[in-house]
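Dumped final-v4.pdb below, it's PDB, C-alpha atoms:
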ATOM      1  CA  MET A   1      18.458  20.354  18.101  1.00  0.00           C
ATOM      2  CA  ALA A   2      19.237  20.910  14.408  1.00  0.00           C
ATOM      3  CA  GLU A   3      22.395  18.797  14.700  1.00  0.00           C
ATOM      4  CA  SER A   4      20.426  15.795  15.953  1.00  0.00           C
ATOM      5  CA  VAL A   5      17.948  15.754  13.055  1.00  0.00           C
ATOM      6  CA  THR A   6      18.970  13.204  10.455  1.00  0.00           C
ATOM      7  CA  GLU A   7      17.545  12.737   6.984  1.00  0.00           C
ATOM      8  CA  GLY A   8      15.719   9.591   8.114  1.00  0.00           C
ATOM      9  CA  SER A   9      14.270  11.115  11.256  1.00  0.00           C
ATOM     10  CA  LEU A  10      13.145  14.170   9.309  1.00  0.00           C
ATOM     11  CA  LEU A  11      11.265  11.997   6.800  1.00  0.00           C
ATOM     12  CA  ASP A  12       9.646  10.144   9.694  1.00  0.00           C
ATOM     13  CA  LEU A  13       8.129  13.410  10.955  1.00  0.00           C
ATOM     14  CA  ILE A  14       6.153  13.955   7.741  1.00  0.00           C
ATOM     15  CA  PRO A  15       2.589  12.552   8.018  1.00  0.00           C
ATOM     16  CA  ALA A  16       2.729  10.852   4.616  1.00  0.00           C
ATOM     17  CA  MET A  17       3.967   7.591   3.190  1.00  0.00           C
ATOM     18  CA  ILE A  18       7.269   8.296   1.413  1.00  0.00           C
ATOM     19  CA  TYR A  19       9.243   5.843  -0.675  1.00  0.00           C
ATOM     20  CA  TRP A  20      12.104   5.938  -3.151  1.00  0.00           C
ATOM     21  CA  LYS A  21      13.019   3.526  -5.931  1.00  0.00           C
ATOM     22  CA  ASP A  22      16.027   3.017  -8.180  1.00  0.00           C
ATOM     23  CA  ALA A  23      16.082   3.137 -11.988  1.00  0.00           C
ATOM     24  CA  GLN A  24      14.729  -0.446 -12.120  1.00  0.00           C
ATOM     25  CA  LEU A  25      11.835   0.677  -9.888  1.00  0.00           C
ATOM     26  CA  VAL A  26      12.972  -1.531  -7.047  1.00  0.00           C
ATOM     27  CA  THR A  27      12.232  -0.032  -3.640  1.00  0.00           C
ATOM     28  CA  VAL A  28      15.371   1.297  -1.999  1.00  0.00           C
ATOM     29  CA  GLY A  29      13.836   2.898   1.086  1.00  0.00           C
ATOM     30  CA  ALA A  30      10.787   4.292   2.816  1.00  0.00           C
ATOM     31  CA  ASN A  31       9.863   6.345   5.850  1.00  0.00           C
ATOM     32  CA  ARG A  32       8.452   5.027   9.126  1.00  0.00           C
ATOM     33  CA  VAL A  33       4.838   5.930   8.214  1.00  0.00           C
ATOM     34  CA  LEU A  34       4.939   3.720   5.129  1.00  0.00           C
ATOM     35  CA  LEU A  35       6.752   0.897   6.921  1.00  0.00           C
ATOM     36  CA  GLU A  36       4.164   0.856   9.716  1.00  0.00           C
ATOM     37  CA  ASP A  37       1.283   1.056   7.231  1.00  0.00           C
ATOM     38  CA  HIS A  38       2.584  -2.037   5.449  1.00  0.00           C
ATOM     39  CA  GLY A  39       3.459  -3.966   8.608  1.00  0.00           C
ATOM     40  CA  VAL A  40       7.156  -3.906   7.799  1.00  0.00           C
ATOM     41  CA  HIS A  41       9.465  -3.782  10.809  1.00  0.00           C
ATOM     42  CA  GLY A  42      12.457  -2.103   9.238  1.00  0.00           C
ATOM     43  CA  PRO A  43      13.921  -0.827   5.994  1.00  0.00           C
ATOM     44  CA  GLY A  44      15.846  -4.089   5.552  1.00  0.00           C
ATOM     45  CA  GLU A  45      12.582  -5.951   4.932  1.00  0.00           C
ATOM     46  CA  LEU A  46      11.775  -3.499   2.164  1.00  0.00           C
ATOM     47  CA  GLN A  47      15.019  -3.787   0.206  1.00  0.00           C
ATOM     48  CA  GLY A  48      14.267  -5.098  -3.284  1.00  0.00           C
ATOM     49  CA  ASN A  49      10.518  -5.140  -2.657  1.00  0.00           C
ATOM     50  CA  LYS A  50       8.391  -3.953  -5.577  1.00  0.00           C
ATOM     51  CA  LEU A  51       6.271  -1.739  -3.349  1.00  0.00           C
ATOM     52  CA  PHE A  52       2.791  -0.804  -4.592  1.00  0.00           C
ATOM     53  CA  GLN A  53       3.656  -2.785  -7.734  1.00  0.00           C
ATOM     54  CA  GLY A  54       0.200  -2.851  -9.298  1.00  0.00           C
ATOM     55  CA  LEU A  55      -0.992   0.478  -7.952  1.00  0.00           C
ATOM     56  CA  THR A  56       1.774   2.910  -8.799  1.00  0.00           C
ATOM     57  CA  LEU A  57       3.866   1.104 -11.385  1.00  0.00           C
ATOM     58  CA  ALA A  58       2.434   2.955 -14.412  1.00  0.00           C
ATOM     59  CA  PHE A  59       2.915   6.308 -12.664  1.00  0.00           C
ATOM     60  CA  ASP A  60       6.404   5.332 -11.452  1.00  0.00           C
ATOM     61  CA  GLU A  61       7.335   4.323 -15.008  1.00  0.00           C
ATOM     62  CA  ARG A  62       5.958   7.569 -16.448  1.00  0.00           C
ATOM     63  CA  ALA A  63       8.001   9.728 -14.062  1.00  0.00           C
ATOM     64  CA  LEU A  64      11.105   7.633 -14.689  1.00  0.00           C
ATOM     65  CA  GLU A  65      10.769   7.639 -18.501  1.00  0.00           C
ATOM     66  CA  THR A  66       9.659  11.249 -19.038  1.00  0.00           C
ATOM     67  CA  GLY A  67      11.580  12.891 -16.208  1.00  0.00           C
ATOM     68  CA  LEU A  68       8.376  14.770 -15.326  1.00  0.00           C
ATOM     69  CA  PRO A  69       6.510  14.643 -12.009  1.00  0.00           C
ATOM     70  CA  VAL A  70       3.178  12.896 -11.571  1.00  0.00           C
ATOM     71  CA  VAL A  71       1.084  14.957  -9.162  1.00  0.00           C
ATOM     72  CA  GLY A  72      -2.214  14.407  -7.355  1.00  0.00           C
ATOM     73  CA  ARG A  73      -3.185  11.029  -8.817  1.00  0.00           C
ATOM     74  CA  GLU A  74      -5.771   9.234  -6.718  1.00  0.00           C
ATOM     75  CA  ILE A  75      -5.367   5.525  -6.059  1.00  0.00           C
ATOM     76  CA  THR A  76      -7.345   3.141  -3.859  1.00  0.00           C
ATOM     77  CA  LEU A  77      -5.557   0.882  -1.396  1.00  0.00           C
ATOM     78  CA  ASP A  78      -7.333  -1.232   1.229  1.00  0.00           C
ATOM     79  CA  HIS A  79     -10.543   0.853   1.101  1.00  0.00           C
ATOM     80  CA  ARG A  80      -8.579   4.086   1.386  1.00  0.00           C
ATOM     81  CA  THR A  81      -8.113   6.831  -1.149  1.00  0.00           C
ATOM     82  CA  LEU A  82      -4.538   8.057  -1.458  1.00  0.00           C
ATOM     83  CA  SER A  83      -3.177  11.085  -3.272  1.00  0.00           C
ATOM     84  CA  LEU A  84      -0.048   9.960  -5.068  1.00  0.00           C
ATOM     85  CA  ASN A  85       2.810  12.266  -6.074  1.00  0.00           C
ATOM     86  CA  ILE A  86       5.941  11.013  -7.819  1.00  0.00           C
ATOM     87  CA  VAL A  87       9.015  12.984  -8.835  1.00  0.00           C
ATOM     88  CA  PRO A  88      12.082  11.741 -10.655  1.00  0.00           C
ATOM     89  CA  SER A  89      15.313  11.767  -8.661  1.00  0.00           C
ATOM     90  CA  ARG A  90      18.395  12.968 -10.505  1.00  0.00           C
ATOM     91  CA  ASN A  91      22.154  12.770 -10.162  1.00  0.00           C
ATOM     92  CA  ASN A  92      24.537  15.771 -10.378  1.00  0.00           C
ATOM     93  CA  ARG A  93      24.462  15.644 -14.208  1.00  0.00           C
ATOM     94  CA  GLY A  94      20.661  15.814 -14.242  1.00  0.00           C
ATOM     95  CA  ASP A  95      20.156  12.200 -15.320  1.00  0.00           C
ATOM     96  CA  VAL A  96      17.081  10.470 -13.891  1.00  0.00           C
ATOM     97  CA  THR A  97      18.297   7.778 -11.495  1.00  0.00           C
ATOM     98  CA  GLY A  98      15.039   6.754  -9.834  1.00  0.00           C
ATOM     99  CA  ILE A  99      11.872   8.176  -8.336  1.00  0.00           C
ATOM    100  CA  VAL A 100      10.572   9.471  -5.010  1.00  0.00           C
ATOM    101  CA  GLY A 101       6.904   9.001  -4.198  1.00  0.00           C
ATOM    102  CA  THR A 102       4.566  10.328  -1.534  1.00  0.00           C
ATOM    103  CA  CYS A 103       1.086   9.144  -0.628  1.00  0.00           C
ATOM    104  CA  PHE A 104      -1.311  11.126   1.523  1.00  0.00           C
ATOM    105  CA  ASP A 105      -4.482   9.503   2.870  1.00  0.00           C
ATOM    106  CA  ILE A 106      -7.334  11.632   1.509  1.00  0.00           C
ATOM    107  CA  THR A 107     -10.134   9.154   2.214  1.00  0.00           C
ATOM    108  CA  GLU A 108     -12.119  11.546   4.385  1.00  0.00           C
ATOM    109  CA  SER A 109     -12.004  14.498   1.994  1.00  0.00           C
ATOM    110  CA  SER A 110     -12.691  12.195  -0.953  1.00  0.00           C
ATOM    111  CA  THR A 111     -15.770  10.819   0.831  1.00  0.00           C
ATOM    112  CA  TYR A 112     -17.031  14.350   1.564  1.00  0.00           C
ATOM    113  CA  ARG A 113     -16.464  15.354  -2.054  1.00  0.00           C
ATOM    114  CA  GLU A 114     -18.497  12.364  -3.263  1.00  0.00           C
ATOM    115  CA  GLN A 115     -21.323  13.149  -0.817  1.00  0.00           C
ATOM    116  CA  LEU A 116     -21.441  16.747  -2.062  1.00  0.00           C
ATOM    117  CA  ARG A 117     -21.527  15.568  -5.679  1.00  0.00           C
ATOM    118  CA  ARG A 118     -24.477  13.247  -4.929  1.00  0.00           C
ATOM    119  CA  ARG A 119     -26.398  16.021  -3.139  1.00  0.00           C
ATOM    120  CA  ARG A 120     -25.747  18.425  -6.005  1.00  0.00           C
ATOM    121  CA  ASP A 121     -27.003  15.840  -8.520  1.00  0.00           C
ATOM    122  CA  PHE A 122     -30.068  15.166  -6.374  1.00  0.00           C
ATOM    123  CA  LEU A 123     -30.909  18.874  -6.081  1.00  0.00           C
ATOM    124  CA  ALA A 124     -30.324  19.391  -9.802  1.00  0.00           C
ATOM    125  CA  GLY A 125     -32.794  16.572 -10.467  1.00  0.00           C
ATOM    126  CA  LEU A 126     -35.383  18.216  -8.212  1.00  0.00           C
ATOM    127  CA  VAL A 127     -34.973  21.560  -9.962  1.00  0.00           C
ATOM    128  CA  GLU A 128     -35.378  19.899 -13.372  1.00  0.00           C
ATOM    129  CA  ALA A 129     -38.541  18.151 -12.212  1.00  0.00           C
ATOM    130  CA  LEU A 130     -40.144  21.486 -11.293  1.00  0.00           C
TER
END
Could you show the structure in this file as C-alpha cells?
Amino acid sequence: MAESVTEGSLLDLIPAMIYWKDAQLVTVGANRVLLEDHGVHGPGELQGNKLFQGLTLAFDERALETGLPVVGREITLDHRTLSLNIVPSRNNRGDVTGIVGTCFDITESSTYREQLRRRRDFLAGLVEAL
C-alpha cells in the first residue's frame, strides 16, 4: 500500500484546496480538490494561471518576501469563507523559491460564530436596558 501512494495522490486525499506557486507567484500545481472546485480538468490547465490573483496575492507576496508563514487568514470566495494558510517553499540552501498555500472551507463555523456574536450583543443590550 505505502509503495503505491504518490505525492500527488497523497495531496488529493487531504480535504483542502492546496496550491503551489513559483517565485513569480505563477501557479505551478494544485491538488484535485482545488482543481474540481475551480472547474479545471487537469493540472495542465492550471500551468501559468495566476490562481486566486486578487484574493491571496498580498498574502502570497508577504510569505514570499518575508520568508514567514501567513496562517489563518480568512478570505471570501463565491459566498464561502476560507481559512488561508501560506508557507514559503525553500531550496536546499534555505532560499525562498515559491509558496505553498492551503484553503479550508470554514463557512459553516464562520456562520455559527457570527450568529453567536449577534446573540451575545443582543443579550448584552437587554442586560444594559434593565
Do you know which residues the PyMOL selection byres ((chain A and resi 24) around 12) returns on this file, as a VMD selection string? chain A and resid 20 to 23 25 to 28 48 to 50 57 60 to 61 64 to 65 96 to 99
I need the chosen residues saved as a compact mmCIF listing (two decimals), keeping the file's coordinate frame, with C-alpha atoms.
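Output (again_27.txt):
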# COMPACT_ATOMS: atom_id res chain seq x y z
CA TRP A 20 12.10 5.94 -3.15
CA LYS A 21 13.02 3.53 -5.93
CA ASP A 22 16.03 3.02 -8.18
CA ALA A 23 16.08 3.14 -11.99
CA LEU A 25 11.84 0.68 -9.89
CA VAL A 26 12.97 -1.53 -7.05
CA THR A 27 12.23 -0.03 -3.64
CA VAL A 28 15.37 1.30 -2.00
CA GLY A 48 14.27 -5.10 -3.28
CA ASN A 49 10.52 -5.14 -2.66
CA LYS A 50 8.39 -3.95 -5.58
CA LEU A 57 3.87 1.10 -11.38
CA ASP A 60 6.40 5.33 -11.45
CA GLU A 61 7.34 4.32 -15.01
CA LEU A 64 11.10 7.63 -14.69
CA GLU A 65 10.77 7.64 -18.50
CA VAL A 96 17.08 10.47 -13.89
CA THR A 97 18.30 7.78 -11.50
CA GLY A 98 15.04 6.75 -9.83
CA ILE A 99 11.87 8.18 -8.34
Shortest interatomic distance to Asn85 of chain A - which of A:Thr66, A:Ser109, A:Asn31, A:Thr56, counting all atoms listed in the file: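 Selected residue with least distance to Asn85 of chain A: A:Thr56.
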Residues picked by the PyMOL selection byres ((chain A and resi 16) around 8) here, as a ChimeraX atom specification? /A:14-15,17-18,33-34,102-105
Nearest to Ala63 of chain A: which of A:Gly94, A:Ser83, A:Gly101, A:Ile75 is it, counting only C-alpha atoms?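 Counting only C-alpha atoms, the residue closest to Ala63 of chain A is A:Gly101.
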How many Å lie between atom CA of Arg80 of chain A and atom CA of Leu11 of chain A, rounded to one decimal?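 If I compute the distance from atom CA of Arg80 of chain A to atom CA of Leu11 of chain A, I get 22.0 Å.
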Would you mind reading off the distance between atom CA of Glu114 of chain A and atom CA of Leu77 of chain A, one decimal, in Å?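 Spanning atom CA of Glu114 of chain A to atom CA of Leu77 of chain A is a straight-line distance of 17.4 Å.
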Just checking: using only C-alpha atoms, which residue out of A:Asp95, A:Glu128, A:Glu36, A:Glu108 ends up closest to Thr81 of chain A? A:Glu108
Could you please determine the separation between atom CA of Leu13 of chain A and atom CA of Arg32 of chain A in Å, to one decimal place? 8.6 Å
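Proximity of A:Thr111, A:Ala124, A:Tyr19, A:Asp12 to Val87 of chain A, computed with all atoms listed in the file, is greatest for A:Tyr19.
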A:Asp78, A:Val100, A:Arg117, A:Leu130 ranked by distance to Ala30 of chain A, top pick (using only C-alpha atoms): A:Val100
